[in-house]
Amino acid sequence: MSLRIEPRREPSRAMVWLTPVLAVALTIASGWLLFLMLGLDPAETLYQFLIAPIETFYGWTELGVKAAPLILIAIGLAIGFRANVWNIGAEGQLIMGAVAAGAVALAFWGQEGWWILPAMCVAGALGGLAYAAIPAFLKTRFDVSEILTSLMLTYVASLALSVLVFGPWKDPEGFNFPQTRMFSDAALLPILIEGTRLHLGALVALLAAVGAWFLVGRTVVGFQIQVVGQAPAAARFAGFRAKRVVWFCLLLSGALAGLAGTFEAAGPIGQLIPQLTPGYGFTAIIVAFLGRLHPLGIVAAGLVMALSYIGGENAQVSAGLPQAATGVFQGMLLFYLLAADVLVRYRLRWTSAQAAPARNPATVP
């Protein structure tokens, strides 16, 4: 008997959507064992990690604050992933978007005007778009892998931000801390619910999800993206230009990442600092796959990943959980999701070894 892996004729659609739930369940089970090995009470730690952060209305609003940038970035990435355009550098595009928006906020610091925040949003989206144009150009002109270029540019963006906040943009009244001035009121996002930090960016993220759903499922551009990703030969036969799709996907994902950076700088942070996010640009990759590259699924996945951030912080304080546990949880979730995807597309089958047929000596040369 031997074990073989065979491709399925057609993956089960139900299993495609059930595997994210299975991945979450396996992650929780593995977390139980992890907490037990760390000498912590698994039940109490999981409660503090998963339940306690959302027991209050304020906790749910914080979930929206954390989920908004994840949803925005993941939507752009998912559209590109459908076309086999692999933008891994959304973190860098987020940073450059925040830098561009911060430049507008600091240029008009101390001034009031309704146009300042919209100008910041436009500048942030253009900043992320321009930074994503670099891997798009290298991909379409020289066939350079967008995976490597977008990822490496992330570190360039991070260093550029550090140069600014340690140098010319440092707050002169900030006691030598590496940060800019706090943005003026006109450069901050409006709060949706008084007494919370839930800002306008959360609503924009939901609208972006609806817009992406319409784009993918109801427009010619969305159809071209799917055909280029699933059947490149058919796309060429139909006259679809793959390079245009690459440009569109990278520029769109860069603009959304830049807008997410703008919302972080003009929202909960209110200034530019060296560490704008805990790695939202990379976590959004998990969000995109957990949401099955579907805009509405990404909204749910974004809330799950946001809970991992809030729950991790809460468990650090209340249960003594190490800070690295949040990253471990997110990594396990991605691992189980990819492992479950293998079983969706392939099946394990036991086969009996057949004896080789006897050869006729007379026919042997």
# chains A, B, ... in the order shown; residues from 1 in each chain; ligands from 1
call {"tool": "residues_around", "arguments": {"residues": "Ala255 of chain A", "least_positions_apart": "5", "cutoff": "10 Å", "atoms": "only C-alpha atoms", "output": "mmCIF file with all heavy atoms, in the first residue's frame"}}
result
data_model
loop_
_atom_site.group_PDB
_atom_site.id
_atom_site.type_symbol
_atom_site.label_atom_id
_atom_site.label_comp_id
_atom_site.auth_asym_id
_atom_site.auth_seq_id
_atom_site.Cartn_x
_atom_site.Cartn_y
_atom_site.Cartn_z
ATOM 1 N N LEU A 72 -8.516 47.873 4.083
ATOM 2 C CA LEU A 72 -8.139 48.694 2.931
ATOM 3 C C LEU A 72 -6.977 48.071 2.159
ATOM 4 O O LEU A 72 -7.027 47.938 0.929
ATOM 5 C CB LEU A 72 -7.764 50.093 3.394
ATOM 6 C CG LEU A 72 -8.839 51.180 3.380
ATOM 7 C CD1 LEU A 72 -8.271 52.486 3.896
ATOM 8 C CD2 LEU A 72 -9.427 51.355 1.994
ATOM 9 N N ILE A 73 -5.931 47.697 2.876
ATOM 10 C CA ILE A 73 -4.746 47.146 2.204
ATOM 11 C C ILE A 73 -5.072 45.800 1.583
ATOM 12 O O ILE A 73 -4.686 45.517 0.437
ATOM 13 C CB ILE A 73 -3.585 47.008 3.205
ATOM 14 C CG1 ILE A 73 -3.233 48.363 3.799
ATOM 15 C CG2 ILE A 73 -2.365 46.411 2.531
ATOM 16 C CD1 ILE A 73 -2.288 48.283 4.986
ATOM 17 N N GLY A 76 -6.862 45.839 -1.873
ATOM 18 C CA GLY A 76 -5.977 46.085 -3.005
ATOM 19 C C GLY A 76 -5.104 44.892 -3.332
ATOM 20 O O GLY A 76 -4.908 44.541 -4.503
ATOM 21 N N ALA A 90 3.204 46.183 0.506
ATOM 22 C CA ALA A 90 2.194 47.164 0.894
ATOM 23 C C ALA A 90 2.604 47.944 2.131
ATOM 24 O O ALA A 90 2.191 49.095 2.310
ATOM 25 C CB ALA A 90 0.854 46.469 1.141
ATOM 26 N N GLN A 93 4.419 50.939 0.901
ATOM 27 C CA GLN A 93 3.490 51.871 0.269
ATOM 28 C C GLN A 93 2.648 52.584 1.312
ATOM 29 O O GLN A 93 2.315 53.758 1.156
ATOM 30 C CB GLN A 93 2.629 51.102 -0.738
ATOM 31 C CG GLN A 93 3.441 50.571 -1.906
ATOM 32 C CD GLN A 93 2.959 49.229 -2.414
ATOM 33 O OE1 GLN A 93 1.777 48.880 -2.274
ATOM 34 N NE2 GLN A 93 3.858 48.452 -3.007
ATOM 35 N N LEU A 94 2.304 51.878 2.389
ATOM 36 C CA LEU A 94 1.603 52.507 3.504
ATOM 37 C C LEU A 94 2.451 53.618 4.108
ATOM 38 O O LEU A 94 1.965 54.731 4.373
ATOM 39 C CB LEU A 94 1.268 51.447 4.556
ATOM 40 C CG LEU A 94 0.582 51.882 5.856
ATOM 41 C CD1 LEU A 94 -0.251 50.734 6.413
ATOM 42 C CD2 LEU A 94 1.573 52.316 6.928
ATOM 43 N N GLY A 97 2.724 56.598 1.774
ATOM 44 C CA GLY A 97 1.463 57.332 1.777
ATOM 45 C C GLY A 97 1.328 58.218 3.007
ATOM 46 O O GLY A 97 0.893 59.371 2.920
ATOM 47 N N CYS A 121 -5.513 63.116 2.086
ATOM 48 C CA CYS A 121 -5.952 61.808 1.564
ATOM 49 C C CYS A 121 -5.498 61.624 0.121
ATOM 50 O O CYS A 121 -5.025 60.543 -0.258
ATOM 51 C CB CYS A 121 -7.468 61.685 1.660
ATOM 52 S SG CYS A 121 -8.089 61.606 3.363
ATOM 53 N N VAL A 122 -5.627 62.670 -0.686
ATOM 54 C CA VAL A 122 -5.173 62.591 -2.077
ATOM 55 C C VAL A 122 -3.670 62.389 -2.137
ATOM 56 O O VAL A 122 -3.154 61.551 -2.889
ATOM 57 C CB VAL A 122 -5.590 63.861 -2.851
ATOM 58 C CG1 VAL A 122 -4.955 63.875 -4.237
ATOM 59 C CG2 VAL A 122 -7.109 63.941 -2.964
ATOM 60 N N ALA A 123 -2.936 63.157 -1.323
ATOM 61 C CA ALA A 123 -1.482 63.033 -1.306
ATOM 62 C C ALA A 123 -1.057 61.651 -0.823
ATOM 63 O O ALA A 123 -0.121 61.048 -1.373
ATOM 64 C CB ALA A 123 -0.880 64.111 -0.401
ATOM 65 N N GLY A 124 -1.739 61.126 0.190
ATOM 66 C CA GLY A 124 -1.396 59.801 0.696
ATOM 67 C C GLY A 124 -1.629 58.714 -0.337
ATOM 68 O O GLY A 124 -0.793 57.822 -0.522
ATOM 69 N N ALA A 125 -2.777 58.780 -1.029
ATOM 70 C CA ALA A 125 -3.064 57.783 -2.064
ATOM 71 C C ALA A 125 -2.051 57.889 -3.208
ATOM 72 O O ALA A 125 -1.567 56.872 -3.719
ATOM 73 C CB ALA A 125 -4.485 57.975 -2.590
ATOM 74 N N LEU A 126 -1.706 59.113 -3.601
ATOM 75 C CA LEU A 126 -0.725 59.299 -4.676
ATOM 76 C C LEU A 126 0.671 58.842 -4.234
ATOM 77 O O LEU A 126 1.445 58.308 -5.045
ATOM 78 C CB LEU A 126 -0.683 60.758 -5.109
ATOM 79 C CG LEU A 126 -1.913 61.272 -5.854
ATOM 80 C CD1 LEU A 126 -1.769 62.756 -6.162
ATOM 81 C CD2 LEU A 126 -2.134 60.482 -7.142
ATOM 82 N N GLY A 127 0.992 59.043 -2.956
ATOM 83 C CA GLY A 127 2.291 58.596 -2.465
ATOM 84 C C GLY A 127 2.431 57.086 -2.529
ATOM 85 O O GLY A 127 3.457 56.554 -2.980
ATOM 86 N N GLY A 128 1.405 56.372 -2.081
ATOM 87 C CA GLY A 128 1.434 54.917 -2.169
ATOM 88 C C GLY A 128 1.408 54.433 -3.604
ATOM 89 O O GLY A 128 2.097 53.470 -3.968
ATOM 90 N N LEU A 129 0.607 55.112 -4.441
ATOM 91 C CA LEU A 129 0.525 54.755 -5.863
ATOM 92 C C LEU A 129 1.879 54.927 -6.546
ATOM 93 O O LEU A 129 2.323 54.050 -7.305
ATOM 94 C CB LEU A 129 -0.552 55.618 -6.520
ATOM 95 C CG LEU A 129 -0.824 55.439 -8.011
ATOM 96 C CD1 LEU A 129 -2.294 55.726 -8.305
ATOM 97 C CD2 LEU A 129 0.038 56.395 -8.851
ATOM 98 N N ALA A 130 2.545 56.051 -6.293
ATOM 99 C CA ALA A 130 3.841 56.314 -6.930
ATOM 100 C C ALA A 130 4.887 55.294 -6.496
ATOM 101 O O ALA A 130 5.720 54.866 -7.300
ATOM 102 C CB ALA A 130 4.307 57.733 -6.598
ATOM 103 N N TYR A 131 4.827 54.894 -5.230
ATOM 104 C CA TYR A 131 5.807 53.922 -4.747
ATOM 105 C C TYR A 131 5.543 52.539 -5.336
ATOM 106 O O TYR A 131 6.477 51.784 -5.607
ATOM 107 C CB TYR A 131 5.765 53.862 -3.220
ATOM 108 C CG TYR A 131 7.093 53.508 -2.607
ATOM 109 C CD1 TYR A 131 8.221 54.285 -2.851
ATOM 110 C CD2 TYR A 131 7.229 52.413 -1.770
ATOM 111 C CE1 TYR A 131 9.439 53.984 -2.286
ATOM 112 C CE2 TYR A 131 8.446 52.097 -1.201
ATOM 113 C CZ TYR A 131 9.551 52.878 -1.471
ATOM 114 O OH TYR A 131 10.766 52.569 -0.920
ATOM 115 N N ALA A 132 4.268 52.205 -5.567
ATOM 116 C CA ALA A 132 3.935 50.930 -6.208
ATOM 117 C C ALA A 132 4.253 50.955 -7.700
ATOM 118 O O ALA A 132 4.388 49.888 -8.324
ATOM 119 C CB ALA A 132 2.461 50.609 -6.002
ATOM 120 N N CYS A 249 -3.363 46.759 -11.140
ATOM 121 C CA CYS A 249 -3.406 46.098 -9.834
ATOM 122 C C CYS A 249 -2.392 46.690 -8.865
ATOM 123 O O CYS A 249 -2.712 46.932 -7.687
ATOM 124 C CB CYS A 249 -3.160 44.596 -10.005
ATOM 125 S SG CYS A 249 -4.487 43.730 -10.869
ATOM 126 N N LEU A 250 -1.181 46.934 -9.333
ATOM 127 C CA LEU A 250 -0.161 47.476 -8.439
ATOM 128 C C LEU A 250 -0.472 48.916 -8.038
ATOM 129 O O LEU A 250 -0.306 49.296 -6.869
ATOM 130 C CB LEU A 250 1.212 47.394 -9.094
ATOM 131 C CG LEU A 250 1.871 46.010 -9.043
ATOM 132 C CD1 LEU A 250 3.117 45.959 -9.918
ATOM 133 C CD2 LEU A 250 2.225 45.641 -7.601
ATOM 134 N N ALA A 260 -4.436 53.922 3.608
ATOM 135 C CA ALA A 260 -4.419 53.331 4.949
ATOM 136 C C ALA A 260 -3.360 54.002 5.820
ATOM 137 O O ALA A 260 -3.584 54.257 7.014
ATOM 138 C CB ALA A 260 -4.158 51.827 4.854
ATOM 139 N N GLY A 261 -2.203 54.300 5.248
ATOM 140 C CA GLY A 261 -1.172 55.013 5.995
ATOM 141 C C GLY A 261 -1.614 56.405 6.397
ATOM 142 O O GLY A 261 -1.318 56.875 7.508
#
call {"tool": "residues_around", "arguments": {"residues": "Lys243 of chain A", "least_positions_apart": "6", "cutoff": "10 Å", "atoms": "only C-alpha atoms", "output": "JSON, numbers by chain"}}
result
{"A": [136, 137, 139, 140, 141, 228, 249]}
call {"tool": "residues_around", "arguments": {"residues": "segment 5-9 of chain A", "least_positions_apart": "5", "cutoff": "7 Å", "atoms": "only C-alpha atoms", "output": "ChimeraX atom specification"}}
result
/A:345-349
call {"tool": "write_last_selection", "arguments": {"atoms": "C-alpha atoms", "output": "short mmCIF file (atom, residue, chain, number, x, y, z; two decimals), in the first residue's frame"}}
result
data_model
loop_
_atom_site.label_atom_id
_atom_site.label_comp_id
_atom_site.auth_asym_id
_atom_site.auth_seq_id
_atom_site.Cartn_x
_atom_site.Cartn_y
_atom_site.Cartn_z
CA ARG A 345 -7.36 21.05 -4.14
CA TYR A 346 -5.84 17.60 -3.57
CA ARG A 347 -6.88 14.37 -1.91
CA LEU A 348 -4.96 11.60 -0.19
CA ARG A 349 -5.50 8.13 -1.62
#
call {"tool": "closest_atom_pairs", "arguments": {"of": "segment 182-248 of chain A", "to": "segment 55-63 of chain A", "cutoff": "8 Å", "atoms": "only C-alpha atoms", "output": "CSV"}}
result
residue,atom,partner,partner_atom,distance
A:Thr196,CA,A:Tyr58,CA,6.5
A:Arg197,CA,A:Glu62,CA,6.8
A:Leu198,CA,A:Thr61,CA,5.5
call {"tool": "select_by_dssp", "arguments": {"residues": "segment 97-225 of chain A", "states": "helix (DSSP H, G or I)", "output": "PyMOL selection string"}}
result
chain A and resi 97-107+116-142+146-166+185-187+200-218+220-225
call {"tool": "residues_around", "arguments": {"residues": "segment 230-233 of chain A", "least_positions_apart": "2", "cutoff": "12 Å", "atoms": "only C-alpha atoms", "output": "mmCIF file with N, CA, C and O atoms, in the first residue's frame"}}
result
data_model
loop_
_atom_site.group_PDB
_atom_site.id
_atom_site.type_symbol
_atom_site.label_atom_id
_atom_site.label_comp_id
_atom_site.auth_asym_id
_atom_site.auth_seq_id
_atom_site.Cartn_x
_atom_site.Cartn_y
_atom_site.Cartn_z
ATOM 1 N N PHE A 81 -3.778 39.716 -6.405
ATOM 2 C CA PHE A 81 -3.550 38.275 -6.299
ATOM 3 C C PHE A 81 -4.429 37.504 -7.271
ATOM 4 O O PHE A 81 -4.039 36.443 -7.772
ATOM 5 N N ARG A 82 -5.648 38.011 -7.533
ATOM 6 C CA ARG A 82 -6.525 37.349 -8.502
ATOM 7 C C ARG A 82 -5.890 37.322 -9.891
ATOM 8 O O ARG A 82 -6.156 36.414 -10.681
ATOM 9 N N ALA A 83 -5.051 38.321 -10.184
ATOM 10 C CA ALA A 83 -4.404 38.402 -11.495
ATOM 11 C C ALA A 83 -2.973 37.872 -11.454
ATOM 12 O O ALA A 83 -2.214 38.073 -12.400
ATOM 13 N N ASN A 84 -2.614 37.191 -10.357
ATOM 14 C CA ASN A 84 -1.251 36.697 -10.168
ATOM 15 C C ASN A 84 -0.223 37.835 -10.154
ATOM 16 O O ASN A 84 0.896 37.690 -10.645
ATOM 17 N N VAL A 85 -0.622 38.961 -9.600
ATOM 18 C CA VAL A 85 0.273 40.088 -9.379
ATOM 19 C C VAL A 85 0.517 40.148 -7.873
ATOM 20 O O VAL A 85 -0.390 40.471 -7.101
ATOM 21 N N PHE A 223 -13.431 41.408 -14.927
ATOM 22 C CA PHE A 223 -13.393 40.180 -15.725
ATOM 23 C C PHE A 223 -12.000 39.966 -16.323
ATOM 24 O O PHE A 223 -11.479 38.846 -16.323
ATOM 25 N N GLN A 224 -11.390 41.028 -16.813
ATOM 26 C CA GLN A 224 -10.043 40.910 -17.366
ATOM 27 C C GLN A 224 -9.044 40.467 -16.295
ATOM 28 O O GLN A 224 -8.165 39.639 -16.569
ATOM 29 N N ILE A 225 -9.172 41.004 -15.096
ATOM 30 C CA ILE A 225 -8.264 40.625 -14.010
ATOM 31 C C ILE A 225 -8.356 39.132 -13.737
ATOM 32 O O ILE A 225 -7.332 38.441 -13.604
ATOM 33 N N GLN A 226 -9.565 38.604 -13.682
ATOM 34 C CA GLN A 226 -9.733 37.185 -13.380
ATOM 35 C C GLN A 226 -9.241 36.307 -14.528
ATOM 36 O O GLN A 226 -8.624 35.260 -14.299
ATOM 37 N N VAL A 227 -9.478 36.716 -15.758
ATOM 38 C CA VAL A 227 -9.042 35.910 -16.897
ATOM 39 C C VAL A 227 -7.515 35.898 -16.987
ATOM 40 O O VAL A 227 -6.907 34.846 -17.217
ATOM 41 N N VAL A 228 -6.889 37.049 -16.798
ATOM 42 C CA VAL A 228 -5.424 37.113 -16.840
ATOM 43 C C VAL A 228 -4.816 36.230 -15.766
ATOM 44 O O VAL A 228 -3.794 35.572 -15.974
ATOM 45 N N ALA A 235 -6.497 34.915 -22.128
ATOM 46 C CA ALA A 235 -6.463 36.379 -22.060
ATOM 47 C C ALA A 235 -5.736 36.963 -23.274
ATOM 48 O O ALA A 235 -6.174 37.960 -23.856
ATOM 49 N N ARG A 236 -4.616 36.339 -23.643
ATOM 50 C CA ARG A 236 -3.890 36.812 -24.830
ATOM 51 C C ARG A 236 -4.722 36.632 -26.088
ATOM 52 O O ARG A 236 -4.749 37.494 -26.977
ATOM 53 N N PHE A 237 -5.419 35.517 -26.185
ATOM 54 C CA PHE A 237 -6.269 35.248 -27.358
ATOM 55 C C PHE A 237 -7.398 36.271 -27.449
ATOM 56 O O PHE A 237 -7.793 36.681 -28.547
ATOM 57 N N ALA A 238 -7.922 36.680 -26.285
ATOM 58 C CA ALA A 238 -9.021 37.657 -26.270
ATOM 59 C C ALA A 238 -8.535 39.087 -26.457
ATOM 60 O O ALA A 238 -9.338 40.007 -26.558
ATOM 61 N N GLY A 239 -7.218 39.280 -26.474
ATOM 62 C CA GLY A 239 -6.675 40.622 -26.672
ATOM 63 C C GLY A 239 -6.498 41.420 -25.395
ATOM 64 O O GLY A 239 -6.251 42.639 -25.462
ATOM 65 N N PHE A 240 -6.607 40.753 -24.231
ATOM 66 C CA PHE A 240 -6.390 41.454 -22.965
ATOM 67 C C PHE A 240 -4.892 41.692 -22.788
ATOM 68 O O PHE A 240 -4.091 40.784 -22.998
ATOM 69 N N ARG A 241 -4.514 42.871 -22.397
ATOM 70 C CA ARG A 241 -3.110 43.211 -22.222
ATOM 71 C C ARG A 241 -2.698 42.983 -20.775
ATOM 72 O O ARG A 241 -3.138 43.692 -19.863
ATOM 73 N N ALA A 242 -1.859 41.979 -20.561
ATOM 74 C CA ALA A 242 -1.445 41.607 -19.210
ATOM 75 C C ALA A 242 -0.687 42.743 -18.529
ATOM 76 O O ALA A 242 -0.816 42.939 -17.316
ATOM 77 N N LYS A 243 0.095 43.504 -19.293
ATOM 78 C CA LYS A 243 0.872 44.589 -18.686
ATOM 79 C C LYS A 243 -0.039 45.672 -18.112
ATOM 80 O O LYS A 243 0.260 46.254 -17.066
ATOM 81 N N VAL A 245 -2.970 45.157 -16.899
ATOM 82 C CA VAL A 245 -3.526 44.580 -15.673
ATOM 83 C C VAL A 245 -2.515 44.687 -14.532
ATOM 84 O O VAL A 245 -2.870 45.003 -13.392
#
call {"tool": "residues_around", "arguments": {"residues": "Phe335 of chain A", "least_positions_apart": "5", "cutoff": "9 Å", "atoms": "only C-alpha atoms", "output": "PyMOL selection string"}}
result
chain A and resi 23+330+340
call {"tool": "residues_around", "arguments": {"residues": "segment 15-22 of chain A", "least_positions_apart": "6", "cutoff": "7 Å", "atoms": "only C-alpha atoms", "output": "JSON, numbers by chain"}}
result
{"A": [290, 337, 340, 344]}
call {"tool": "closest_residue", "arguments": {"among": "A:Ala160, A:Leu148, A:Val165, A:Leu46", "to": "Ser318 of chain A", "atoms": "only C-alpha atoms"}}
result
A:Leu46
call {"tool": "atom_distance", "arguments": {"atom1": "atom CA of Ile286 of chain A", "atom2": "atom CA of Ile71 of chain A"}}
result
10.9 Å
